[in-house]
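Text of my_file02.cif, listed as mmCIF, C-alpha atoms:
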```cif
data_upload
#
loop_
_atom_site.label_atom_id
_atom_site.label_comp_id
_atom_site.auth_asym_id
_atom_site.auth_seq_id
_atom_site.Cartn_x
_atom_site.Cartn_y
_atom_site.Cartn_z
CA MET A 1 122.50 99.88 107.70
CA ALA A 2 119.77 98.26 105.62
CA LEU A 3 116.21 99.45 106.19
CA ALA A 4 113.86 97.09 107.95
CA ALA A 5 111.43 95.40 105.57
CA GLN A 6 107.95 94.02 105.93
CA GLN A 7 106.27 91.72 103.43
CA ILE A 8 102.97 92.33 101.69
CA ASP A 9 101.16 90.34 99.01
CA CYS A 10 101.19 91.46 95.39
CA ASN A 11 97.62 92.20 94.34
CA GLY A 12 98.35 90.68 90.94
CA CYS A 13 100.05 87.35 91.57
CA GLY A 14 100.12 86.99 95.36
CA ALA A 15 103.93 86.98 95.59
CA LYS A 16 105.53 88.26 98.78
CA ILE A 17 107.02 91.73 98.25
CA ASP A 18 109.46 93.46 100.62
CA ILE A 19 108.35 96.98 101.54
CA HIS A 20 110.64 99.43 103.35
CA SER A 21 108.49 102.57 103.65
CA GLY A 22 105.78 100.96 105.80
CA LEU A 23 102.45 102.78 105.95
CA ARG A 24 103.87 105.60 103.84
CA MET A 25 103.99 103.30 100.80
CA LYS A 26 101.46 104.33 98.12
CA THR A 27 102.76 102.49 95.04
CA PHE A 28 104.83 99.36 94.47
CA SER A 29 105.84 97.29 91.46
CA CYS A 30 105.98 93.49 91.57
CA GLU A 31 109.27 92.15 90.21
CA TYR A 32 107.60 88.81 89.41
CA CYS A 33 104.45 89.65 87.43
CA GLY A 34 105.04 93.33 86.66
CA SER A 35 101.89 94.56 88.38
CA VAL A 36 101.94 98.15 89.60
CA CYS A 37 99.76 98.40 92.70
CA ASP A 38 98.51 101.33 94.74
CA GLY A 39 98.43 99.18 97.86
CA GLU A 40 94.80 98.17 97.34
CA LYS A 41 94.55 97.17 93.68
CA VAL A 42 96.49 96.68 90.44
CA VAL A 43 96.55 99.97 88.50
CA ALA A 44 98.83 98.86 85.63
CA VAL A 45 100.85 95.89 84.41
CA GLN A 46 104.40 96.16 83.08
CA LYS A 47 105.74 93.13 81.21
CA ALA A 48 108.21 92.30 83.93
CA SER A 49 111.32 91.03 82.12
CA ASP A 50 110.74 93.03 78.92
CA ALA A 51 110.17 96.30 80.79
CA ARG A 52 113.20 95.84 83.04
CA GLU A 53 115.40 95.32 79.97
CA LYS A 54 113.90 98.18 77.96
CA TYR A 55 114.11 100.65 80.84
CA LYS A 56 117.23 99.38 82.57
CA PRO A 57 119.35 102.06 84.25
CA TRP A 58 122.23 103.68 82.43
CA SER A 59 124.36 103.45 85.56
CA HIS A 60 125.18 100.55 87.86
CA LEU A 61 122.83 101.82 90.59
CA ARG A 62 120.26 99.25 91.70
CA LEU A 63 117.47 98.94 94.25
CA GLY A 64 118.73 98.09 97.72
CA MET A 65 122.07 99.89 97.39
CA GLN A 66 123.11 102.07 100.33
CA ALA A 67 125.23 105.21 100.73
CA LYS A 68 125.82 108.13 103.08
CA LEU A 69 124.40 111.22 101.39
CA LEU A 70 124.01 114.68 102.90
CA GLY A 71 125.20 113.32 106.23
CA LYS A 72 122.64 110.49 106.51
CA ASP A 73 122.55 106.81 105.61
CA TYR A 74 120.18 106.12 102.71
CA GLN A 75 118.91 103.10 100.81
CA ILE A 76 117.49 103.06 97.28
CA ILE A 77 113.93 101.73 97.44
CA GLY A 78 112.41 102.89 94.13
CA ARG A 79 113.03 104.25 90.64
CA ILE A 80 110.96 105.88 87.94
CA ARG A 81 111.84 106.41 84.27
CA ALA A 82 110.46 109.64 82.83
CA LYS A 83 110.38 110.30 79.09
CA GLU A 84 109.88 113.34 76.90
CA LYS A 85 109.88 112.49 73.18
CA ASP A 86 113.35 110.95 72.57
CA TRP A 87 114.82 112.15 75.88
CA TRP A 88 114.65 110.35 79.23
CA TRP A 89 115.89 110.51 82.79
CA ASP A 90 115.71 108.34 85.93
CA GLU A 91 114.73 109.44 89.41
CA TRP A 92 115.93 107.16 92.18
CA PHE A 93 113.92 107.34 95.41
CA LEU A 94 115.92 106.89 98.62
CA LEU A 95 114.86 106.67 102.24
CA SER A 96 116.93 107.16 105.41
CA ASP A 97 116.63 105.01 108.52
CA THR A 98 114.73 107.92 110.10
CA GLY A 99 112.25 108.01 107.22
CA PHE A 100 113.62 111.12 105.47
CA PRO A 101 113.28 110.93 101.65
CA ILE A 102 115.58 112.26 98.93
CA PHE A 103 115.73 111.89 95.15
CA LEU A 104 118.79 111.11 93.06
CA GLN A 105 118.20 112.29 89.51
CA GLU A 106 120.19 110.57 86.78
CA ASP A 107 120.15 112.60 83.57
CA GLU A 108 122.37 112.01 80.52
CA GLY A 109 125.16 110.55 82.64
CA ALA A 110 125.06 113.27 85.32
CA PHE A 111 123.53 113.19 88.79
CA ALA A 112 121.87 115.62 91.19
CA ILE A 113 120.64 115.04 94.74
CA PHE A 114 117.27 116.66 95.46
CA ARG A 115 115.28 117.27 98.62
CA VAL A 116 111.72 118.51 98.94
CA PHE A 117 111.49 122.21 99.73
CA TYR A 118 108.68 124.69 100.11
CA PRO A 119 109.12 128.21 98.70
CA THR A 120 107.86 130.85 101.11
CA MET A 121 107.11 133.39 98.38
CA PRO A 122 104.07 132.92 96.09
CA LEU A 123 105.07 130.74 93.15
CA ASP A 124 102.93 129.19 90.42
CA PRO A 125 105.14 127.21 87.97
CA ARG A 126 102.32 127.22 85.42
CA GLU A 127 102.93 130.93 84.90
CA LEU A 128 106.70 130.64 84.38
CA ASN A 129 108.64 130.33 81.12
CA GLU A 130 112.26 129.74 80.16
CA GLY A 131 114.43 132.69 81.14
CA ASP A 132 112.11 133.94 83.89
CA LYS A 133 113.66 134.80 87.25
CA VAL A 134 111.62 134.29 90.39
CA LYS A 135 112.19 134.99 94.09
CA LEU A 136 111.70 131.94 96.32
CA ASP A 137 111.97 133.37 99.83
CA LYS A 138 112.51 136.57 101.78
CA LYS A 139 116.21 135.75 102.17
CA GLY A 140 116.69 136.53 98.50
CA THR A 141 116.96 133.00 97.11
CA LYS A 142 116.19 133.22 93.40
CA MET A 143 115.72 130.75 90.59
CA LYS A 144 116.19 131.26 86.86
CA VAL A 145 114.08 128.94 84.74
CA LYS A 146 116.37 127.03 82.38
CA GLU A 147 113.92 124.53 80.91
CA ARG A 148 110.23 123.76 80.85
CA GLY A 149 108.48 120.77 79.33
CA LYS A 150 106.00 117.90 79.44
CA ALA A 151 106.86 114.29 80.20
CA LYS A 152 105.27 110.98 81.07
CA LEU A 153 106.07 108.19 83.47
CA ALA A 154 107.30 105.21 81.46
CA PHE A 155 108.39 102.70 84.10
CA ILE A 156 108.30 102.07 87.85
CA GLU A 157 110.30 99.67 89.98
CA GLY A 158 110.40 99.24 93.72
CA GLU A 159 108.19 101.34 95.95
CA LEU A 160 107.10 104.98 96.13
CA THR A 161 105.41 107.07 98.79
CA TRP A 162 103.06 108.69 96.27
CA GLN A 163 100.51 107.25 93.86
CA ALA A 164 101.83 106.75 90.35
CA LYS A 165 101.45 104.46 87.35
CA PRO A 166 103.03 104.11 83.89
CA GLY A 167 101.47 106.55 81.45
CA ASP A 168 100.93 109.32 84.01
CA LYS A 169 101.72 112.70 82.45
CA PHE A 170 103.20 115.70 84.21
CA LYS A 171 104.77 119.06 83.49
CA TYR A 172 108.10 120.22 84.84
CA LEU A 173 110.59 123.04 84.92
CA ASP A 174 114.26 123.12 85.86
CA GLY A 175 115.89 126.13 87.46
CA ARG A 176 119.34 127.29 88.58
CA GLN A 177 120.92 129.68 91.02
CA LYS A 178 124.71 129.43 90.96
CA ASP A 179 125.42 125.84 92.13
CA ALA A 180 121.87 125.18 93.36
CA ARG A 181 119.43 123.30 91.17
CA PHE A 182 115.66 123.41 91.32
CA SER A 183 113.10 121.02 89.89
CA VAL A 184 109.34 121.58 89.93
CA GLU A 185 106.91 118.89 88.74
CA TRP A 186 103.17 119.25 88.68
CA THR A 187 99.90 117.68 87.58
CA LYS A 188 96.35 118.96 87.85
CA ASN A 189 96.20 117.92 91.49
CA GLU A 190 99.71 118.28 92.89
CA ILE A 191 102.89 120.38 92.75
CA GLN A 192 106.25 119.19 94.04
CA PHE A 193 109.21 121.53 94.61
CA LEU A 194 112.72 120.08 94.86
CA ARG A 195 116.05 121.76 95.57
CA GLY A 196 119.31 120.01 94.88
CA GLU A 197 122.96 120.02 93.98
CA HIS A 198 125.06 118.40 91.27
CA ARG A 199 127.21 115.31 91.82
CA SER A 200 129.53 113.75 89.27
CA ALA A 201 128.97 110.15 88.22
CA LYS A 202 132.38 109.20 89.65
CA LYS A 203 131.45 110.73 93.01
CA ILE A 204 128.14 108.87 93.12
CA TYR A 205 129.87 105.59 92.24
CA LYS A 206 132.37 106.13 95.06
CA LEU A 207 129.63 106.94 97.61
CA PHE A 208 127.75 103.74 96.75
CA GLY A 209 130.91 101.64 96.67
CA ILE A 210 130.47 100.76 92.98
CA THR A 211 133.76 99.57 91.48
CA GLU A 212 132.65 99.12 87.86
CA PRO A 213 133.74 101.88 85.46
CA VAL A 214 131.23 104.65 84.75
CA PRO A 215 129.48 103.87 81.42
CA PRO A 216 129.73 106.22 78.44
CA LYS A 217 127.12 108.97 78.30
CA PRO A 218 123.85 107.42 77.03
CA ASP A 219 122.33 108.36 73.68
CA ASP A 220 119.00 110.20 73.90
CA ASP A 221 117.28 107.69 71.62
CA ASP A 222 118.30 104.60 73.65
#
```

Rewritten as structure tokens:
Amino acid sequence: MALAAQQIDCNGCGAKIDIHSGLRMKTFSCEYCGSVCDGEKVVAVQKASDAREKYKPWSHLRLGMQAKLLGKDYQIIGRIRAKEKDWWWDEWFLLSDTGFPIFLQEDEGAFAIFRVFYPTMPLDPRELNEGDKVKLDKKGTKMKVKERGKAKLAFIEGELTWQAKPGDKFKYLDGRQKDARFSVEWTKNEIQFLRGEHRSAKKIYKLFGITEPVPPKPDDDD
């Protein structure tokens, strides 16, 4: 079932924009003029048609698509493109009809579904390096750091429930424990912990009812 939408005015051009996250919305991008707004003012401008072509998704996922994931009905309401040198990935932001958020990460032709989690053991990602193993809770959940790096936000479309704009920089690390995946992203002011699980591209296409063939794996320099 599609999420209910309310319309707000773009702060850049005045166009009517459909918003699905209500008062939780902190950032939205205007598909008409390319303005990125924080709800009160324009914080950046993306050349609308040029940016959409340059940063178009590798897959056939698009805003507004719906699927049942992790036992709930979700709708895609936003996407960000993150870049690190000649490597990039997309993070699709989805919201359920009860307001629960998840992230669908699209990375080099593979997908992972992530949910926010909060480690109950002390954890500072700034002190971790590749190969480190860290305990996340008293139950014995552990994470091995597989990768650490710096990236920037290159493109935004749709709406987000956090403040963001193109050019924002952040640090990240990726971790594993058997089939579980962990992603930690942080800036000077905020840390976000995500826990997820892998999904094949074919599985994601089936869940969203996409009938087009899965594209070839993208090149890193695209």

(message) Can you translate the PyMOL selection byres ((chain A and resi 44-61) around 6) into the concrete residues it hits in this file, as a ChimeraX atom specification?
(response) /A:33-36,42-43,62

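Between CA of Arg81 in chain A and CA of Leu23 in chain A there is a distance of 23.9 Å.
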
(message) Between A:Pro122, A:Gly131, A:Gly140, A:Gly158, which residue has the minimum interatomic distance to Ile77 in chain A, considering all atoms listed in the file?
(response)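 Smallest distance to Ile77 in chain A is found for A:Gly158.
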
(request) Counting only C-alpha atoms, select every polymer residue within 12 Å of (102.2, 108.3, 84.5) as defined in the file's coordinates, and provide the selection as a PyMOL selection string. (result) chain A and resi 36+43-44+80-84+150-156+162-171+186-187

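Taking CA of Tyr32 in chain A and CA of Ile76 in chain A as the two end points, the separation is 19.0 Å.
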
Skip Thr161 in chain A itself and residues of its chain fewer than 3 positions away, then list as a short mmCIF file (atom, residue, chain, number, x, y, z; two decimals) with C-alpha atoms, keeping the file's coordinate frame all residues within 9 Å of it, counting all atoms listed in the file.
```
data_model
loop_
_atom_site.label_atom_id
_atom_site.label_comp_id
_atom_site.auth_asym_id
_atom_site.auth_seq_id
_atom_site.Cartn_x
_atom_site.Cartn_y
_atom_site.Cartn_z
CA SER A 21 108.49 102.57 103.65
CA LEU A 23 102.45 102.78 105.95
CA ARG A 24 103.87 105.60 103.84
CA MET A 25 103.99 103.30 100.80
CA LYS A 26 101.46 104.33 98.12
CA THR A 27 102.76 102.49 95.04
CA PHE A 28 104.83 99.36 94.47
#
```

(request) Starting from the displayed file, determine the output of the PyMOL selection byres ((chain A and resi 85-95) around 7) and express the residue list as a list in words. (result)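 This file, filtered by the PyMOL selection byres ((chain A and resi 85-95) around 7), leaves Tyr74, Gln75, Ile76, Ile77, Gly78, Arg79, Ile80, Arg81, Ala82, Lys83, Glu84, Ser96, Asp97, Gly99, Phe100, Pro101, Ile102, Phe103, Leu104, Gln105, Glu106, Asp107, Asp220 and Asp221 of chain A.
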
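Taking only C-alpha atoms into account, Pro125 in chain A lies nearest to A:Ile191 out of the set A:Leu63, A:Ala180, A:Leu70, A:Ile191.
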
(request) Tell me which of A:Leu173, A:Cys13, A:Leu3, A:Ala201 sits closest to Arg148 in chain A, counting only C-alpha atoms. (result)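 Checking each of A:Leu173, A:Cys13, A:Leu3, A:Ala201 against Arg148 in chain A, counting only C-alpha atoms, the winner is A:Leu173.
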
(request) Point out the residue among A:Phe114, A:Lys41, A:Pro213, A:Asp132 with the least atom-to-atom distance to Gln192 in chain A, counting all atoms listed in the file. (result)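 That would be A:Phe114, the residue with the smallest distance to Gln192 in chain A.
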
Please write a file for range 79-96 of chain A, taken from the block I just shared, that holds N, CA and C atoms and is laid out as a short mmCIF file (atom, residue, chain, number, x, y, z; two decimals), in the first residue's frame.
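selection_38.cif, freshly written:
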```cif
data_model
loop_
_atom_site.label_atom_id
_atom_site.label_comp_id
_atom_site.auth_asym_id
_atom_site.auth_seq_id
_atom_site.Cartn_x
_atom_site.Cartn_y
_atom_site.Cartn_z
N ARG A 79 16.98 8.55 -1.88
CA ARG A 79 18.23 7.89 -2.27
C ARG A 79 19.38 8.87 -2.15
N ILE A 80 20.52 8.37 -1.69
CA ILE A 80 21.75 9.16 -1.72
C ILE A 80 22.81 8.40 -2.50
N ARG A 81 23.67 9.14 -3.19
CA ARG A 81 24.84 8.56 -3.85
C ARG A 81 26.07 9.00 -3.07
N ALA A 82 26.81 8.04 -2.56
CA ALA A 82 28.04 8.30 -1.83
C ALA A 82 29.23 7.92 -2.71
N LYS A 83 30.30 8.70 -2.63
CA LYS A 83 31.47 8.46 -3.46
C LYS A 83 32.74 8.50 -2.63
N GLU A 84 33.66 7.62 -2.99
CA GLU A 84 35.00 7.62 -2.40
C GLU A 84 36.00 7.42 -3.54
N LYS A 85 36.68 8.50 -3.93
CA LYS A 85 37.59 8.46 -5.08
C LYS A 85 36.82 7.96 -6.30
N ASP A 86 37.20 6.80 -6.88
CA ASP A 86 36.54 6.30 -8.09
C ASP A 86 35.53 5.20 -7.77
N TRP A 87 35.13 5.11 -6.50
CA TRP A 87 34.18 4.08 -6.09
C TRP A 87 32.92 4.75 -5.56
N TRP A 88 31.77 4.15 -5.78
CA TRP A 88 30.51 4.74 -5.33
C TRP A 88 29.53 3.66 -4.89
N TRP A 89 28.54 4.08 -4.13
CA TRP A 89 27.43 3.20 -3.79
C TRP A 89 26.19 4.05 -3.54
N ASP A 90 25.01 3.41 -3.66
CA ASP A 90 23.73 4.08 -3.40
C ASP A 90 23.14 3.54 -2.11
N GLU A 91 22.47 4.40 -1.39
CA GLU A 91 21.69 3.99 -0.23
C GLU A 91 20.25 4.47 -0.44
N TRP A 92 19.37 3.50 -0.60
CA TRP A 92 17.95 3.78 -0.77
C TRP A 92 17.30 3.85 0.61
N PHE A 93 16.49 4.88 0.84
CA PHE A 93 15.82 5.06 2.12
C PHE A 93 14.36 4.67 1.96
N LEU A 94 13.90 3.72 2.78
CA LEU A 94 12.55 3.20 2.69
C LEU A 94 11.82 3.41 4.02
N LEU A 95 10.51 3.59 3.91
CA LEU A 95 9.68 3.81 5.09
C LEU A 95 8.48 2.88 5.03
N SER A 96 8.12 2.30 6.19
CA SER A 96 6.94 1.44 6.25
C SER A 96 5.70 2.29 6.53
#
```
